[in-house]
Each structure stands twice: as C-alpha cells, then as structure tokens.
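Enquirer: Got a structure here, written out as structure tokens. Questions coming.
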Amino acid sequence: MPPVAFIDGEFVPLAEARISVFDHGLLYGDGVFEGIRAYGGRVFRLTEHLERLYASARGIQLEIPLDFAGMEAAVCRTIAANGLTDAYVRLVVTRGVGDLGLDPRKCSGPTVFIIASTIQLYPPEVYQAGLRLISCRTVRTPASSLDPSIKSLNYLNNILAKLEVARAGADEGIMLNQDGHVAECTADNLFLVKDGEVVTPSPAAGMLIGVTRNAVIEVTRAAGYVLREELFELEDVLAADECFLTGTGAEIAPVREVDGRPIGTGEPGSVTNQLHEAFKELTAREGTPIEVGVR
Ligand code: PMP
C-alpha cells in the first residue's frame with residue numbers, strides 16, 4: 001500500500017501531501033508537535049505524548065480541533081494505514097492558514113497532520129562506542145521568553161546549537177541555561193551516573209520534559225538506583241562516571257566524551273547499558289495496541 005499522511009481528517013498519499021504557503025506553522029513556526037514511537041504494534045506512552053501535546057498547545061493558546069480520543073485514534077489509524085508495526089510518528093498541529101501578518105486571530109483554524117515513518121535516529125555503532133558531545137555556546141531559551149517545556153515548532157534555538165555540533169564534527173551538544181546550569185541536549189535529555197547514583201537536570205533548569213526521560217526515571221528507580229533531579233553544571237558532567245542521553249528516537253544513548261574529554265572510562269558504562277536493557281523491556285511490554293487505538 002502506498003504511504004499516506006493524515007491531514008485534517010483525511011488520508012492522502014504521502015507524495016501528494018501538501019500544506020498551504022500561508023500556514024502559520026510554516027511562516028512563523030506557530031504550532032506544536034510530537035515525535036512518537038511504536039514498537040511491535042504498540043504505541044509507546046501515547047497518553048503521555050498527547051498530554052504533552054495538549055499542554056504545549058495550551059501554552060501557546062492554540063485549541064486543538066480534535067479531542068484526546070479522536071487524536072489517539074488518528075495516530076493509530078495513520079500507523080495502521082501505512083501497514084507499520086514499528087514506527088516513528090510525527091504529529092503536528094499548526095495555527096493554520098492565515099495572511100502574511102503574525103496575528104493568529106486571522107487564521108481560519110488549526111491544521112493537523114500526522115506522518116508515520118520508520119526512521120532510526122542513531123546508527124547501532126553509537127550504542128557500542130558512545131556519542132561525542134560538545135558544550136554549546138547557544139543558551140537554551142529561558143522560560144520567560146519561550147518555555148522550553150512547550151514542544152513548539154520554533155526549534156531555531158536548538159538548530160543553532162545543532163549547527164555548532166555539526167561545525168565541531170560531534171554527535172550532539174549540551175545546552176546550558178542562562179545561569180550556566182545544564183538544561184538538555186539539542187534534541188535529547190541528559191543523565192549522569194556518579195558514585196552509583198543517577199542524576200538528571202530538574203525541570204527548573206528549563207528543558208523539554210521528555211517522555212523517555214520520565215520513563216527512564218521510573219526504570220532507574222525500579223532497578224533500585226537513587227535517582228535525583230537537580231541543578232548541576234558542565235563540570236559535573238565532565239566529572240561523572242557515566243553519561244547518557246534519552247529521547248524517543250535515541251532511547252538511551254551512551255556518551256563517551258564531552259569537549260574532547262572522556263567521560264568515565266570513555267566507553268559506555270554498565271549502569272547505562274543496564275538501564276537501556278530495562279528500557280527496551282519496557283517498550284516491548286507496554287503501550288497502546290494500534291488495533292485498540294484505532295477504535
Ligand atoms: N529535548 C528536546 C529539545 C527534544 O526535542 C526532545 C525530543 N526529541 C527531547 C528532549 C526528548 O523528548 P522525548 O523523550 O519525549 O522524545
């Protein structure tokens with residue numbers, strides 16, 4: 001079957017899927033989105049992703065035209081219509097079609113589209129060798145400007161940091177907040193292991209609160225580790241025994257160096273590997289079955 005996209009309630013062949021050049025998602029990055037993953041016919045933490053989507057929409061005063069159950073069904077139907085059981089789903093809600101001015105009130109109503117694909121974020125070597133990180137000069141947007149816990153279509157702050165990463169020939173970049181505390185990476189959350197305890201920046205550092213982050217916190221505590229959410233600095237990353245990133249695409253990805261300095265032994269750590277195995281078990285047993293969701 002040819003791949004299809006969901007656009008405003010209709011399925012259209014992916015090759016013909018179009019949105020207007022007057023859509024404010026395109027003109028101004030005015031909208032919100034989610035990246036969601038399905039494993040073996042089950043959508044991982046669909047409720048949590050949709051709760052974040054609706055919270056993000058509230059954060060930019062955007063009213064999503066579908067209710068929660070309708071959106072859940074739309075996601076599952078898009079995966080099913082593409083014949084996928086393992087999938088990466090991109091769900092986007094824009095302010096919709098307006099004129100060339102900023103004013104959202106001139107928009108006729110939100111555009112909702114969903115794409116289901118099969119991308120893999122990092123190649124398998126990354127999980128064996130670990131990622132090379134740099135610390136970015138680009139500071140994470142302060143909550144007083146645009147709350148980073150809103151997953152908006154405005155990703156330029158992260159993209160500017162990602163360009164630094166590319167220039168340095170690295171894999172990912174650590175973004176600090178205005179006070180110099182570690183916030184997150186350009187598209188992943190960050191965790192440390194130090195003296196057998198696991199630490200991740202507290203939400204007060206200003207970040208996207210990852211669905212994977214929350215799942216990894218649960219898995220870490222279930223495995224018997226002390227897990228602390230707190231503010232820390234780049235020096236604490238450099239002094240850690242292990243460091244790993246979390247995200248929907250990455251799952252748990254080990255970090256081998258930051259700014260050219262090895263973290264711990266410079267190889268993926270045992271706690272990181274143990275937590276990744278536990279996370280994979282969680283993705284295999286949990287999730288909304290696609291056939292249940294489509295109803
Ligand atoms: N931080 C940022 C800036 C992100 O874009 C993402 C999603 N790719 C994450 C963290 C991780 O969030 P999640 O675990 O929900 O994918």
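Identifiers in the structure tokens: chain A, B, ... in order shown; residue index from 1 per chain; ligand index from 1 in order shown.
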For segment 68-75 of chain A, find every residue with an atom within 7 Å (counting only C-alpha atoms), except residues of its own chain fewer than 4 positions away, and show them as an MDAnalysis selection string.
Expert: chainID A and resid 79 114 293:295
Enquirer: The selected residues should be written to file as a tab-separated table (two decimals), in the first residue's frame (atoms: N, CA and C atoms).
Expert:
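Done, and the output landed in out32.tsv:
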chain	number	residue	atom	x	y	z
A	79	ILE	N	-0.77	4.96	11.62
A	79	ILE	CA	0.22	3.87	11.65
A	79	ILE	C	-0.35	2.66	10.90
A	114	ILE	N	-0.34	14.21	10.41
A	114	ILE	CA	0.38	13.11	11.04
A	114	ILE	C	1.09	12.30	9.95
A	293	GLY	N	-6.35	1.33	19.63
A	293	GLY	CA	-6.36	2.78	19.45
A	293	GLY	C	-7.19	3.25	18.27
A	294	VAL	N	-7.29	2.44	17.21
A	294	VAL	CA	-8.00	2.91	16.02
A	294	VAL	C	-9.50	3.04	16.26
A	295	ARG	N	-10.01	2.36	17.29
A	295	ARG	CA	-11.47	2.39	17.51
A	295	ARG	C	-11.94	3.73	18.03
Enquirer: Report as a ChimeraX atom specification all protein, DNA and RNA residues lying within 9 Å of Glu286 of chain A, evaluated on only C-alpha atoms, omitting residues in the same chain fewer than 4 positions from it.
Expert: /A:42-45,281-282
Enquirer: Residues near Ala170 of chain A, anyone? I mean within 10 Å using only C-alpha atoms, not counting same-chain ones fewer than 3 positions away, as a PyMOL selection string.
Expert: chain A and resi 131-134+162+164-167+173+257-260
Enquirer: Which residues sit within 6 Å of ligand 1, counting only C-alpha atoms and all ligand atoms, listed as a PyMOL selection string?
Expert: chain A and resi 186-189+208+210-213+246-248
Enquirer: Restricting it to N, CA, C and O atoms, dump the selection as a PDB file, in the first residue's frame.
Expert:
ATOM      1  N   THR A 186      20.423  19.125  22.258  1.00  0.00           N
ATOM      2  CA  THR A 186      19.612  19.836  21.262  1.00  0.00           C
ATOM      3  C   THR A 186      18.308  19.113  20.968  1.00  0.00           C
ATOM      4  O   THR A 186      17.336  19.735  20.589  1.00  0.00           O
ATOM      5  N   ALA A 187      18.303  17.780  21.131  1.00  0.00           N
ATOM      6  CA  ALA A 187      17.067  17.018  20.874  1.00  0.00           C
ATOM      7  C   ALA A 187      16.912  15.821  21.802  1.00  0.00           C
ATOM      8  O   ALA A 187      16.180  14.880  21.484  1.00  0.00           O
ATOM      9  N   ASP A 188      17.595  15.846  22.929  1.00  0.00           N
ATOM     10  CA  ASP A 188      17.543  14.736  23.891  1.00  0.00           C
ATOM     11  C   ASP A 188      17.720  15.294  25.300  1.00  0.00           C
ATOM     12  O   ASP A 188      18.306  16.362  25.470  1.00  0.00           O
ATOM     13  N   ASN A 189      17.279  14.541  26.287  1.00  0.00           N
ATOM     14  CA  ASN A 189      17.578  14.877  27.682  1.00  0.00           C
ATOM     15  C   ASN A 189      18.871  14.190  28.108  1.00  0.00           C
ATOM     16  O   ASN A 189      19.348  13.285  27.417  1.00  0.00           O
ATOM     17  N   LEU A 208      12.788  20.603  27.610  1.00  0.00           N
ATOM     18  CA  LEU A 208      11.642  19.791  27.235  1.00  0.00           C
ATOM     19  C   LEU A 208      11.654  18.574  28.155  1.00  0.00           C
ATOM     20  O   LEU A 208      12.668  17.887  28.262  1.00  0.00           O
ATOM     21  N   GLY A 210      11.146  15.218  28.621  1.00  0.00           N
ATOM     22  CA  GLY A 210      10.980  14.114  27.682  1.00  0.00           C
ATOM     23  C   GLY A 210      10.104  12.998  28.226  1.00  0.00           C
ATOM     24  O   GLY A 210      10.160  12.668  29.418  1.00  0.00           O
ATOM     25  N   VAL A 211       9.334  12.421  27.344  1.00  0.00           N
ATOM     26  CA  VAL A 211       8.549  11.240  27.695  1.00  0.00           C
ATOM     27  C   VAL A 211       9.506  10.090  28.022  1.00  0.00           C
ATOM     28  O   VAL A 211       9.288   9.324  28.958  1.00  0.00           O
ATOM     29  N   THR A 212      10.597  10.007  27.260  1.00  0.00           N
ATOM     30  CA  THR A 212      11.614   8.982  27.525  1.00  0.00           C
ATOM     31  C   THR A 212      12.281   9.256  28.866  1.00  0.00           C
ATOM     32  O   THR A 212      12.515   8.326  29.648  1.00  0.00           O
ATOM     33  N   ARG A 213      12.596  10.521  29.136  1.00  0.00           N
ATOM     34  CA  ARG A 213      13.192  10.919  30.429  1.00  0.00           C
ATOM     35  C   ARG A 213      12.347  10.385  31.569  1.00  0.00           C
ATOM     36  O   ARG A 213      12.861   9.769  32.513  1.00  0.00           O
ATOM     37  N   THR A 246      18.658  10.622  26.545  1.00  0.00           N
ATOM     38  CA  THR A 246      17.389   9.917  26.332  1.00  0.00           C
ATOM     39  C   THR A 246      16.509  10.699  25.373  1.00  0.00           C
ATOM     40  O   THR A 246      16.494  11.923  25.374  1.00  0.00           O
ATOM     41  N   GLY A 247      15.781   9.968  24.544  1.00  0.00           N
ATOM     42  CA  GLY A 247      14.829  10.588  23.626  1.00  0.00           C
ATOM     43  C   GLY A 247      14.060   9.505  22.897  1.00  0.00           C
ATOM     44  O   GLY A 247      14.478   8.338  22.894  1.00  0.00           O
ATOM     45  N   THR A 248      12.961   9.890  22.291  1.00  0.00           N
ATOM     46  CA  THR A 248      12.108   8.930  21.602  1.00  0.00           C
ATOM     47  C   THR A 248      12.882   8.181  20.521  1.00  0.00           C
ATOM     48  O   THR A 248      12.760   6.969  20.392  1.00  0.00           O
TER      49      THR A 248
END
Enquirer: Would you list, as a ChimeraX atom specification, the residues of segment 32-251 of chain A that end up in alpha helix (DSSP H) under DSSP run on this structure's backbone?
Expert: /A:46-59,68-81,124-129,156-168,211-222,234-238
Enquirer: Write to file, as a short mmCIF file (atom, residue, chain, number, x, y, z; two decimals), in the first residue's frame, the residues of the selection just made, with C-alpha atoms.
Expert:
data_model
loop_
_atom_site.label_atom_id
_atom_site.label_comp_id
_atom_site.auth_asym_id
_atom_site.auth_seq_id
_atom_site.Cartn_x
_atom_site.Cartn_y
_atom_site.Cartn_z
CA LEU A 46 0.80 7.56 23.68
CA THR A 47 -1.19 9.12 26.53
CA GLU A 48 1.91 10.93 27.85
CA HIS A 49 2.78 12.25 24.37
CA LEU A 50 -0.75 13.50 23.81
CA GLU A 51 -0.89 15.07 27.27
CA ARG A 52 2.30 16.98 26.41
CA LEU A 53 0.86 17.95 23.00
CA TYR A 54 -2.30 19.38 24.57
CA ALA A 55 -0.24 21.12 27.29
CA SER A 56 2.05 22.61 24.62
CA ALA A 57 -1.00 23.81 22.68
CA ARG A 58 -2.43 25.43 25.84
CA GLY A 59 0.96 27.09 26.36
CA PHE A 68 -7.99 13.40 23.09
CA ALA A 69 -9.71 10.16 21.99
CA GLY A 70 -10.00 11.47 18.43
CA MET A 71 -6.30 12.29 18.34
CA GLU A 72 -5.39 8.90 19.80
CA ALA A 73 -7.43 7.22 17.06
CA ALA A 74 -5.89 9.45 14.36
CA VAL A 75 -2.35 8.45 15.42
CA CYS A 76 -3.18 4.74 15.49
CA ARG A 77 -5.10 4.88 12.20
CA THR A 78 -2.15 6.61 10.50
CA ILE A 79 0.22 3.87 11.65
CA ALA A 80 -2.26 1.16 10.58
CA ALA A 81 -2.95 2.83 7.21
CA PRO A 124 23.97 0.86 16.06
CA GLU A 125 27.68 1.78 16.44
CA VAL A 126 26.65 4.65 18.71
CA TYR A 127 25.33 2.21 21.30
CA GLN A 128 28.64 0.32 21.27
CA ALA A 129 31.05 3.26 21.09
CA LEU A 156 15.73 27.59 15.93
CA ASN A 157 17.30 27.78 19.39
CA ASN A 158 18.11 24.06 19.18
CA ILE A 159 19.03 24.26 15.48
CA LEU A 160 21.61 26.98 16.15
CA ALA A 161 23.14 24.72 18.79
CA LYS A 162 22.99 21.77 16.37
CA LEU A 163 24.94 23.84 13.82
CA GLU A 164 27.67 24.28 16.44
CA VAL A 165 27.65 20.49 16.88
CA ALA A 166 27.98 19.99 13.13
CA ARG A 167 30.80 22.54 12.88
CA ALA A 168 32.67 20.68 15.62
CA VAL A 211 8.55 11.24 27.69
CA THR A 212 11.61 8.98 27.52
CA ARG A 213 13.19 10.92 30.43
CA ASN A 214 10.16 10.19 32.58
CA ALA A 215 10.12 6.52 31.58
CA VAL A 216 13.86 6.24 32.31
CA ILE A 217 13.39 7.82 35.74
CA GLU A 218 10.81 5.10 36.51
CA VAL A 219 13.03 2.31 35.16
CA THR A 220 16.04 3.63 37.11
CA ARG A 221 14.15 3.70 40.41
CA ALA A 222 12.62 0.28 39.70
CA LEU A 234 29.10 21.31 32.90
CA GLU A 235 31.91 20.43 35.34
CA ASP A 236 29.64 17.83 36.91
CA VAL A 237 29.16 16.20 33.51
CA LEU A 238 32.93 16.09 32.97
#
Enquirer: List the spatial neighbours of Ile174 of chain A as a PyMOL selection string - criterion: any atom at most 6 Å away, only C-alpha atoms, same-chain residues fewer than 6 positions off excluded.
Expert: chain A and resi 135-136+184-185
Enquirer: Excluding segment 117-122 of chain A and its own-chain neighbours fewer than 5 positions away, which residues fall within 6 Å of it when counting only C-alpha atoms? Please give them as a list of chain:residue names.
Expert: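 Final neighbour list, sorted by chain and number: A:Ala87, A:Tyr88, A:Gly249, A:Ala250.
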Enquirer: As a ChimeraX atom specification, please: the residues near Gln274 of chain A (cut-off 12 Å, only C-alpha atoms, same-chain neighbours under 4 positions excluded).
Expert: /A:216,219-220,222-225,244,252-254,268-270,278-281
Enquirer: Have a look at A:Ser144, A:Ala116, A:Ala38, A:Ile19 and name the one nearest to Val4 of chain A; count only C-alpha atoms.
Expert: A:Ala116
Enquirer: Using only C-alpha atoms, which residue out of A:Ile60, A:Leu14, A:Leu245, A:Val93 lies closest to Phe113 of chain A?
Expert: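 Comparing A:Ile60, A:Leu14, A:Leu245, A:Val93 against Phe113 of chain A, the winner is A:Val93.
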Enquirer: Point out the residue among A:Pro104, A:Gly130, A:Pro65, A:Gly96 with the least atom-to-atom distance to Gly264 of chain A, counting only C-alpha atoms.
Expert: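 Selected residue with least distance to Gly264 of chain A: A:Gly130.
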